[in-house]
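Data file: start.txt. Format and content: compact mmCIF, C-alpha atoms.
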# COMPACT_ATOMS: atom_id res chain seq x y z
CA MET A 28 17.08 -6.64 13.57
CA ARG A 29 17.91 -5.37 10.07
CA THR A 30 15.60 -2.36 10.52
CA LEU A 31 17.67 -1.41 13.59
CA PHE A 32 20.94 -1.50 11.63
CA VAL A 33 21.02 2.12 10.43
CA PRO A 34 19.95 3.65 13.80
CA LEU A 35 22.53 1.44 15.54
CA VAL A 36 25.27 2.64 13.16
CA ALA A 37 24.28 6.26 13.85
CA VAL A 38 24.28 5.80 17.64
CA THR A 39 27.61 3.93 17.58
CA ALA A 40 29.25 6.59 15.39
CA ALA A 41 27.95 9.40 17.63
CA MET A 42 29.23 7.63 20.75
CA PHE A 43 32.66 7.10 19.16
CA VAL A 44 32.89 10.77 18.17
CA TYR A 45 32.09 11.84 21.74
CA SER A 46 34.37 9.28 23.43
CA PRO A 47 37.70 11.24 23.10
CA ILE A 48 36.00 14.31 24.65
CA TYR A 49 34.71 12.19 27.53
CA ILE A 50 38.12 10.53 28.03
CA ALA A 51 39.96 13.89 27.92
CA ASN A 52 37.87 15.14 30.86
CA VAL A 53 38.50 12.09 33.05
CA PRO A 54 41.10 12.51 35.88
CA TYR A 55 44.62 11.15 35.39
CA GLU A 56 45.68 7.96 37.18
CA SER A 57 48.24 8.84 39.86
CA THR A 58 51.02 6.37 38.91
CA MET A 59 50.77 6.07 35.13
CA LEU A 60 49.31 9.52 34.41
CA LEU A 61 48.63 10.36 30.75
CA VAL A 62 49.44 6.97 29.20
CA GLN A 63 46.80 5.30 31.41
CA LYS A 64 44.16 6.91 29.17
CA ILE A 65 44.85 4.08 26.68
CA PHE A 66 42.83 2.02 29.17
CA TYR A 67 39.54 3.58 27.98
CA TYR A 68 39.87 1.86 24.59
CA HIS A 69 42.11 -1.04 25.67
CA PHE A 70 39.69 -2.54 28.23
CA PRO A 71 36.52 -2.26 26.07
CA THR A 72 38.43 -3.78 23.15
CA TRP A 73 39.20 -6.87 25.18
CA ILE A 74 35.61 -7.06 26.47
CA ALA A 75 34.29 -6.89 22.89
CA GLY A 76 36.97 -9.37 21.76
CA ALA A 77 36.11 -11.76 24.61
CA VAL A 78 32.39 -11.59 23.78
CA ALA A 79 33.24 -12.26 20.11
CA VAL A 80 35.37 -15.35 20.85
CA LEU A 81 32.86 -16.72 23.40
CA LEU A 82 30.11 -16.23 20.82
CA CYS A 83 32.30 -18.02 18.27
CA GLY A 84 32.74 -20.92 20.70
CA ALA A 85 29.01 -21.16 21.45
CA ALA A 86 28.03 -20.87 17.77
CA SER A 87 30.71 -23.44 16.81
CA ALA A 88 29.35 -25.90 19.37
CA TRP A 89 25.81 -25.27 18.11
CA TYR A 90 26.94 -25.89 14.53
CA LEU A 91 28.97 -28.99 15.42
CA PHE A 92 26.22 -30.70 17.43
CA LYS A 93 23.06 -29.36 15.72
CA GLY A 94 24.34 -28.69 12.18
CA SER A 95 22.86 -25.17 12.08
CA ALA A 96 24.09 -23.19 9.05
CA VAL A 97 23.15 -19.90 10.77
CA ALA A 98 25.35 -20.80 13.76
CA ASP A 99 28.24 -21.52 11.38
CA ARG A 100 27.87 -18.05 9.82
CA VAL A 101 27.78 -16.41 13.26
CA ALA A 102 30.86 -18.43 14.27
CA VAL A 103 33.02 -17.33 11.34
CA ALA A 104 31.86 -13.72 11.63
CA SER A 105 32.57 -13.54 15.36
CA ALA A 106 35.96 -15.28 14.97
CA GLU A 107 37.03 -12.58 12.52
CA LEU A 108 35.87 -9.88 14.93
CA GLY A 109 37.73 -11.59 17.76
CA VAL A 110 40.92 -11.39 15.70
CA VAL A 111 40.38 -7.70 14.86
CA PHE A 112 39.62 -6.67 18.45
CA GLY A 113 42.40 -8.91 19.74
CA ALA A 114 44.92 -7.30 17.37
CA PHE A 115 44.02 -3.84 18.65
CA GLY A 116 44.10 -5.06 22.26
CA LEU A 117 47.63 -6.40 21.76
CA VAL A 118 48.84 -3.24 19.99
CA SER A 119 47.32 -0.86 22.56
CA GLY A 120 48.67 -2.99 25.42
CA THR A 121 52.14 -2.90 23.86
CA LEU A 122 52.04 0.90 23.54
CA TRP A 123 50.76 1.25 27.11
CA GLY A 124 53.41 -1.16 28.44
CA ARG A 125 56.21 0.77 26.71
CA LYS A 126 55.53 3.73 29.01
CA ALA A 127 54.11 2.04 32.11
CA TRP A 128 56.50 -0.93 32.34
CA GLY A 129 59.41 0.38 30.26
CA THR A 130 59.16 -2.44 27.73
CA TRP A 131 57.22 -3.13 24.54
CA TRP A 132 56.53 -6.73 25.52
CA ALA A 133 56.61 -7.96 29.14
CA GLY A 134 55.82 -11.55 28.15
CA ASP A 135 53.81 -12.17 31.32
CA ALA A 136 50.95 -14.68 31.67
CA ARG A 137 48.12 -12.35 30.52
CA THR A 138 49.83 -10.94 27.42
CA SER A 139 51.32 -14.29 26.34
CA MET A 140 47.98 -16.11 26.71
CA ALA A 141 46.20 -13.34 24.82
CA LEU A 142 48.71 -13.71 21.99
CA VAL A 143 48.15 -17.48 21.90
CA ALA A 144 44.35 -16.96 21.73
CA GLU A 145 44.84 -14.46 18.91
CA LEU A 146 46.91 -17.04 17.01
CA ILE A 147 44.26 -19.76 17.58
CA PHE A 148 41.55 -17.58 16.03
CA PHE A 149 43.86 -16.48 13.24
CA GLY A 150 44.38 -20.21 12.62
CA TYR A 151 40.58 -20.66 12.63
CA LEU A 152 40.26 -18.11 9.83
CA LEU A 153 43.09 -19.73 7.84
CA VAL A 154 41.36 -23.12 8.13
CA ARG A 155 38.09 -21.57 6.94
CA ARG A 156 39.82 -19.84 4.04
CA TYR A 157 42.13 -22.60 2.79
CA GLY A 158 40.82 -25.80 4.43
CA GLY A 159 38.54 -26.74 1.52
CA PRO A 160 35.26 -28.70 1.85
CA GLY A 161 34.59 -29.97 5.36
CA SER A 162 36.89 -27.47 7.01
CA GLU A 163 33.88 -25.94 8.81
CA LYS A 164 33.81 -28.79 11.36
CA LEU A 165 37.54 -28.66 12.01
CA ALA A 166 37.32 -24.89 12.43
CA ALA A 167 34.32 -25.32 14.78
CA ALA A 168 36.47 -27.50 17.07
CA MET A 169 39.16 -24.83 17.00
CA GLY A 170 36.52 -22.21 17.84
CA ILE A 171 35.33 -24.17 20.89
CA PHE A 172 38.85 -24.66 22.27
CA GLY A 173 39.84 -21.10 21.39
CA ALA A 174 36.85 -19.76 23.34
CA ALA A 175 37.84 -21.96 26.31
CA THR A 176 41.01 -19.86 26.70
CA ALA A 177 39.00 -16.67 27.46
CA PRO A 178 38.26 -17.36 31.18
CA PHE A 179 41.89 -18.40 31.75
CA ILE A 180 43.15 -15.19 30.15
CA TYR A 181 40.78 -13.15 32.34
CA LYS A 182 41.81 -14.84 35.60
CA SER A 183 45.53 -15.19 34.72
CA VAL A 184 46.41 -11.90 36.48
CA ASP A 185 44.91 -13.18 39.74
CA TRP A 186 46.28 -16.73 39.53
CA TRP A 187 49.87 -15.91 38.52
CA ARG A 188 52.32 -13.20 39.54
CA THR A 189 52.30 -10.70 36.65
CA ILE A 190 52.93 -6.99 36.23
CA HIS A 191 49.59 -6.52 34.46
CA PRO A 192 46.89 -4.76 36.58
CA LYS A 193 44.62 -7.26 38.36
CA THR A 194 40.89 -7.82 37.83
CA SER A 195 40.27 -5.91 41.10
CA VAL A 196 41.12 -2.63 39.28
CA MET A 197 37.58 -2.20 37.98
CA GLY A 198 35.98 -2.85 41.39
CA SER A 199 38.36 -0.45 43.13
CA LEU A 200 37.44 2.47 40.84
CA THR A 201 34.10 3.28 42.46
CA ALA A 202 35.73 3.75 45.90
CA THR A 203 36.61 7.41 45.19
CA GLU A 204 34.91 10.34 43.46
CA GLY A 205 37.59 10.60 40.73
CA GLY A 206 37.57 6.84 40.32
CA THR A 207 33.82 6.89 39.77
CA ILE A 208 34.34 9.32 36.88
CA MET A 209 36.98 6.95 35.47
CA TRP A 210 34.58 4.03 35.91
CA GLY A 211 31.84 5.96 34.06
CA ALA A 212 34.19 6.59 31.12
CA VAL A 213 35.16 2.91 30.95
CA MET A 214 31.51 1.88 30.99
CA TYR A 215 30.66 4.44 28.30
CA CYS A 216 33.46 3.12 26.06
CA THR A 217 32.50 -0.49 26.79
CA VAL A 218 28.91 0.17 25.68
CA THR A 219 30.27 1.92 22.55
CA PHE A 220 32.50 -1.03 21.69
CA MET A 221 29.68 -3.50 22.31
CA LEU A 222 27.47 -1.53 19.91
CA LEU A 223 30.30 -1.60 17.37
CA LEU A 224 30.53 -5.35 17.83
CA VAL A 225 26.78 -5.77 17.21
CA VAL A 226 26.83 -3.53 14.12
CA VAL A 227 29.90 -5.10 12.51
CA LEU A 228 28.77 -8.62 13.40
CA GLN A 229 25.47 -7.96 11.64
CA ALA A 230 27.28 -6.75 8.51
CA ARG A 231 29.70 -9.69 8.61
CA VAL A 232 26.89 -12.26 9.03
CA ARG A 233 25.11 -10.62 6.08
CA LEU A 234 28.24 -11.25 4.00
CA GLU A 235 28.17 -14.95 4.96
CA GLU A 236 24.43 -15.14 4.06
CA LEU A 237 25.15 -13.68 0.63
CA ARG A 238 28.02 -16.16 0.12
CA ALA A 239 25.67 -19.05 1.02
CA ARG A 240 23.12 -17.80 -1.54
CA VAL A 241 25.84 -17.58 -4.19
CA ASP A 242 26.90 -21.18 -3.44
CA GLN A 243 23.26 -22.34 -3.68
CA LEU A 244 22.85 -20.57 -7.04
CA TYR A 245 26.01 -22.19 -8.40
CA LEU A 246 24.67 -25.60 -7.36
CA SER A 247 21.23 -24.96 -8.91
CA LEU A 248 22.85 -23.78 -12.16
CA GLU A 249 24.96 -26.96 -12.33
CA ASP A 250 21.82 -29.17 -11.97
CA MET B 5 93.90 -8.73 43.37
CA LEU B 6 92.45 -11.36 41.06
CA ARG B 7 90.53 -12.95 43.92
CA ARG B 8 89.05 -9.56 44.87
CA LEU B 9 87.98 -8.93 41.27
CA ALA B 10 86.42 -12.39 41.04
CA THR B 11 84.53 -11.85 44.32
CA THR B 12 83.23 -8.44 43.16
CA PHE B 13 82.19 -9.87 39.80
CA THR B 14 80.35 -12.82 41.42
CA ALA B 15 78.58 -10.50 43.88
CA LEU B 16 77.49 -8.23 41.03
CA LEU B 17 76.27 -11.21 39.03
CA PHE B 18 74.15 -12.50 41.91
CA ALA B 19 72.77 -9.03 42.67
CA THR B 20 71.75 -8.51 39.01
CA ALA B 21 70.21 -11.99 38.74
CA SER B 22 68.12 -11.56 41.90
CA ALA B 23 67.03 -8.05 40.83
CA LEU B 24 65.91 -9.39 37.44
CA ALA B 25 64.11 -12.37 39.00
CA GLN B 26 61.91 -10.13 41.21
CA SER B 27 59.23 -8.61 38.97
CA PRO B 28 57.02 -5.98 40.61
CA ALA B 29 53.57 -7.08 41.78
CA GLY B 30 50.45 -6.23 39.73
CA GLN B 31 48.54 -3.09 40.67
CA ASP B 32 45.50 -3.62 42.92
CA GLY B 33 43.63 -0.43 41.96
CA PHE B 34 43.76 2.93 40.16
CA VAL B 35 44.00 6.10 42.29
CA PRO B 36 42.89 9.27 40.46
CA ALA B 37 45.23 12.31 40.45
CA SER B 38 44.06 15.90 39.99
CA SER B 39 47.13 17.26 38.12
CA LEU B 40 49.84 16.13 35.74
CA PRO B 41 53.54 16.91 36.50
CA PRO B 42 55.31 18.99 33.80
CA GLY B 43 57.06 16.95 31.13
CA GLN B 44 54.78 13.92 31.53
CA GLU B 45 52.65 14.73 28.49
CA ILE B 46 55.46 14.67 25.96
CA PRO B 47 56.77 11.09 26.32
CA ALA B 48 53.33 9.52 26.81
CA ALA B 49 51.43 11.52 24.19
CA PRO B 50 52.80 9.74 21.07
CA LEU B 51 51.94 6.36 22.60
CA LEU B 52 48.44 7.52 23.55
CA ILE B 53 47.78 9.12 20.16
CA GLY B 54 49.36 6.12 18.43
CA SER B 55 47.02 3.79 20.26
CA TYR B 56 43.85 5.69 19.34
CA ALA B 57 45.06 6.27 15.76
CA THR B 58 45.82 2.54 15.38
CA PHE B 59 42.29 1.69 16.46
CA LEU B 60 40.78 4.23 14.07
CA LEU B 61 42.88 3.08 11.09
CA LEU B 62 42.43 -0.63 11.84
CA MET B 63 38.66 -0.29 12.20
CA MET B 64 38.30 1.90 9.10
CA PHE B 65 40.33 -0.62 7.08
CA TYR B 66 38.33 -3.56 8.43
CA LEU B 67 34.97 -1.88 7.69
CA TRP B 68 36.20 -1.05 4.19
CA THR B 69 37.13 -4.72 3.58
CA ILE B 70 33.63 -5.84 4.69
CA TRP B 71 31.98 -3.22 2.44
CA ARG B 72 34.17 -4.29 -0.50
CA ARG B 73 33.51 -8.01 0.06
CA ILE B 74 29.72 -7.47 0.31
CA GLY B 75 29.81 -5.44 -2.91
CA ARG B 76 31.76 -8.16 -4.71
CA VAL B 77 29.45 -10.99 -3.54
CA GLU B 78 26.31 -8.95 -4.38
CA LYS B 79 27.64 -8.39 -7.89
CA GLU B 80 28.29 -12.12 -8.28
CA LEU B 81 24.81 -12.88 -6.90
CA HIS B 82 23.11 -10.58 -9.41
CA GLU B 83 25.11 -12.11 -12.25
CA LEU B 84 24.09 -15.63 -11.18
CA GLN B 85 20.44 -14.58 -10.80
CA ARG B 86 20.55 -13.13 -14.33
CA ARG B 87 22.06 -16.37 -15.67
CA GLN B 88 19.47 -18.44 -13.81
CA GLY B 89 16.68 -16.25 -15.23
CA ALA B 90 18.07 -16.65 -18.75
CA ALA B 91 18.39 -20.45 -18.32
CA GLY B 92 14.79 -20.66 -17.02
CA ARG B 93 13.41 -18.94 -20.11
Let me see the structure of the file written as structure tokens.
Amino acid sequence: MRTLFVPLVAVTAAMFVYSPIYIANVPYESTMLLVQKIFYYHFPTWIAGAVAVLLCGAASAWYLFKGSAVADRVAVASAELGVVFGAFGLVSGTLWGRKAWGTWWAGDARTSMALVAELIFFGYLLVRRYGGPGSEKLAAAMGIFGAATAPFIYKSVDWWRTIHPKTSVMGSLTATEGGTIMWGAVMYCTVTFMLLLVVVLQARVRLEELRARVDQLYLSLED
Amino acid sequence: MLRRLATTFTALLFATASALAQSPAGQDGFVPASSLPPGQEIPAAPLLIGSYATFLLLMMFYLWTIWRRIGRVEKELHELQRRQGAAGR
């Protein structure tokens, strides 16, 4: 996987450079017009963020029940990425909402639940940073319950009456020719963000590996 | 006169409350449009550019923090390996 790191970085960077050109050539959405183009980064951000938090939950469970140190490193790395992607998702949603809904913060089910999930994973990182010895297990429990919020956040727009677009938006895109172009752009950006997630996750896990080696060396020097 | 004012005020209050209570329904799908009406670009553009710029700045900052943290830990690792080598001799 490490040999693939540099080519992956190159492909991800190239795809990011091309993405604004792709997005600029996509048709406007008839009701929201120009501001709807935030969607092409907003949606992939949440997909990448959701994958990161679900990975954190799975790795946390693996660490908690199997005691795998590798799973613990993946969990902390993916939790941090979940917070970063979540922060951008909230900011871009706020900017989009300002124009589309006329308010910075609508406070509906989807946005409020996303904010709560963001705070849970921010809490996870605080526990890891300041919790002291043994905080890994407490954080792992937080990671599992934090990840459990992801499906609820996704389905919240269908279950409750909100002003946020529903999950049917993506399925409806392919019904028209212009919509298919929009769908292609969303898919392109989603692949780009997923590649970014893989690349940054690899770098972040490497940091945790180095930290573990430093801890081992300190212990061996004390003996 | 006072009764009429009170009635008008109550009616207005109820009308405002019911209007606020009814939030519009979520959109079922996106319909593509071929053109953009004049004047639309200006109010939306700062929000759109702001969104993409925020992502770029946030990601650049985050990648820089990872790079800096790896550099710091690698330096510490090399120092410890040097100390371990010296202690082994």
Handout entry: Distance criterion (only C-alpha atoms): nearest to Ile48 of chain A out of A:Tyr67, A:Tyr157, A:Phe149, A:Phe115
Key = A:Tyr67
Handout entry: Expected answer as number ranges by chain: chain A residues within 7 Å of chain B, only C-alpha atoms
Key = A: 54-57, 60-62, 65, 115, 119, 122-123, 126, 188-193, 195-196, 199-200, 205-206, 231, 234, 237-238, 241, 244, 248
Handout entry: Residue neighbourhood Met221 of chain A, 6 Å, all atoms listed in the file, exclusion window fewer than 3 positions, as a list in words
Key =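 Near neighbours after the sequence-gap exclusion: Ala75, Val218 and Leu224 of chain A.
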Practice task
With a distance cut-off of 6 Å and only C-alpha atoms, select the neighbouring residues of Trp131 of chain A, excluding the residue or stretch itself and same-chain residues fewer than 6 positions from it, and output the selection as JSON, numbers by chain.
Solution key: {"A": [121, 124, 125]}
Practice task
For atom CA of Ile147 of chain A and atom CA of Gly173 of chain A, quote the distance in Å rounded to one decimal.
Solution key: 6.0 Å
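Here atom CA of Phe32 of chain A and atom CA of Ala86 of chain A stand 21.5 Å from one another.
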Around all the atoms of segment 190-202 of chain A listed in the file, draw an axis-aligned box and extend it by 5 Å on each of the six sides; I want its centre and edge lengths in Å to one decimal, as AutoDock Vina command-line options.
--center_x 43.5 --center_y -2.0 --center_z 40.2 --size_x 28.8 --size_y 21.6 --size_z 21.4
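Picture a line from atom CA of Tyr215 of chain A to atom CA of Ile50 of chain A; it runs 9.6 Å.
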Problem - Shell of 9 Å around Leu165 of chain A, all atoms listed in the file, local chain residues under 6 positions omitted, as a list in words - result: Tyr151, Val154, Arg155 and Gly158 of chain A
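Here the question is which of A:Ala230, A:Ser139, A:His69, A:Val97 gets nearest to Arg72 of chain B using all atoms listed in the file, and that residue is A:Ala230.
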Starting from the block above, write segment 151-178 of chain A out to a file with N, CA and C atoms, as a compact mmCIF listing (two decimals), in the first residue's frame, please.
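Listing of selection.txt after writing:
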# COMPACT_ATOMS: atom_id res chain seq x y z
N TYR A 151 -14.18 12.67 21.12
CA TYR A 151 -13.31 11.49 20.98
C TYR A 151 -11.84 11.93 20.94
N LEU A 152 -11.57 12.94 20.12
CA LEU A 152 -10.19 13.41 19.98
C LEU A 152 -9.68 14.06 21.27
N LEU A 153 -10.56 14.76 21.98
CA LEU A 153 -10.17 15.37 23.26
C LEU A 153 -9.83 14.29 24.29
N VAL A 154 -10.65 13.21 24.29
CA VAL A 154 -10.39 12.11 25.22
C VAL A 154 -9.04 11.47 24.91
N ARG A 155 -8.77 11.26 23.60
CA ARG A 155 -7.49 10.67 23.19
C ARG A 155 -6.31 11.57 23.56
N ARG A 156 -6.52 12.88 23.48
CA ARG A 156 -5.42 13.82 23.71
C ARG A 156 -5.14 14.04 25.19
N TYR A 157 -6.23 14.15 25.98
CA TYR A 157 -6.06 14.54 27.39
C TYR A 157 -6.53 13.48 28.38
N GLY A 158 -7.01 12.34 27.88
CA GLY A 158 -7.57 11.32 28.78
C GLY A 158 -6.56 10.54 29.58
N GLY A 159 -5.29 10.58 29.19
CA GLY A 159 -4.25 9.84 29.91
C GLY A 159 -4.29 8.35 29.60
N PRO A 160 -3.51 7.54 30.36
CA PRO A 160 -3.45 6.10 30.09
C PRO A 160 -4.83 5.44 30.24
N GLY A 161 -5.15 4.58 29.32
CA GLY A 161 -6.44 3.88 29.36
C GLY A 161 -7.56 4.59 28.64
N SER A 162 -7.28 5.79 28.17
CA SER A 162 -8.34 6.56 27.50
C SER A 162 -8.73 5.97 26.15
N GLU A 163 -7.86 5.07 25.62
CA GLU A 163 -8.14 4.46 24.31
C GLU A 163 -9.46 3.69 24.32
N LYS A 164 -9.71 2.97 25.44
CA LYS A 164 -10.93 2.15 25.51
C LYS A 164 -12.18 3.02 25.65
N LEU A 165 -12.07 4.07 26.43
CA LEU A 165 -13.20 4.99 26.58
C LEU A 165 -13.50 5.66 25.23
N ALA A 166 -12.43 6.08 24.55
CA ALA A 166 -12.59 6.70 23.24
C ALA A 166 -13.18 5.72 22.24
N ALA A 167 -12.78 4.44 22.34
CA ALA A 167 -13.31 3.41 21.42
C ALA A 167 -14.83 3.29 21.57
N ALA A 168 -15.30 3.35 22.82
CA ALA A 168 -16.76 3.29 23.05
C ALA A 168 -17.43 4.51 22.43
N MET A 169 -16.79 5.66 22.57
CA MET A 169 -17.35 6.88 21.95
C MET A 169 -17.38 6.74 20.43
N GLY A 170 -16.33 6.13 19.88
CA GLY A 170 -16.24 5.93 18.43
C GLY A 170 -17.36 5.05 17.90
N ILE A 171 -17.67 3.98 18.68
CA ILE A 171 -18.74 3.06 18.26
C ILE A 171 -20.09 3.78 18.25
N PHE A 172 -20.37 4.51 19.34
CA PHE A 172 -21.67 5.19 19.44
C PHE A 172 -21.74 6.39 18.48
N GLY A 173 -20.60 7.02 18.26
CA GLY A 173 -20.56 8.13 17.29
C GLY A 173 -20.88 7.63 15.89
N ALA A 174 -20.30 6.48 15.54
CA ALA A 174 -20.53 5.90 14.20
C ALA A 174 -22.00 5.48 14.05
N ALA A 175 -22.62 5.09 15.16
CA ALA A 175 -24.03 4.66 15.10
C ALA A 175 -24.97 5.81 14.71
N THR A 176 -24.51 7.05 14.84
CA THR A 176 -25.37 8.19 14.46
C THR A 176 -25.45 8.36 12.94
N ALA A 177 -24.45 7.84 12.21
CA ALA A 177 -24.36 8.07 10.76
C ALA A 177 -25.62 7.64 9.98
N PRO A 178 -26.13 6.41 10.19
CA PRO A 178 -27.35 6.03 9.43
C PRO A 178 -28.55 6.91 9.77
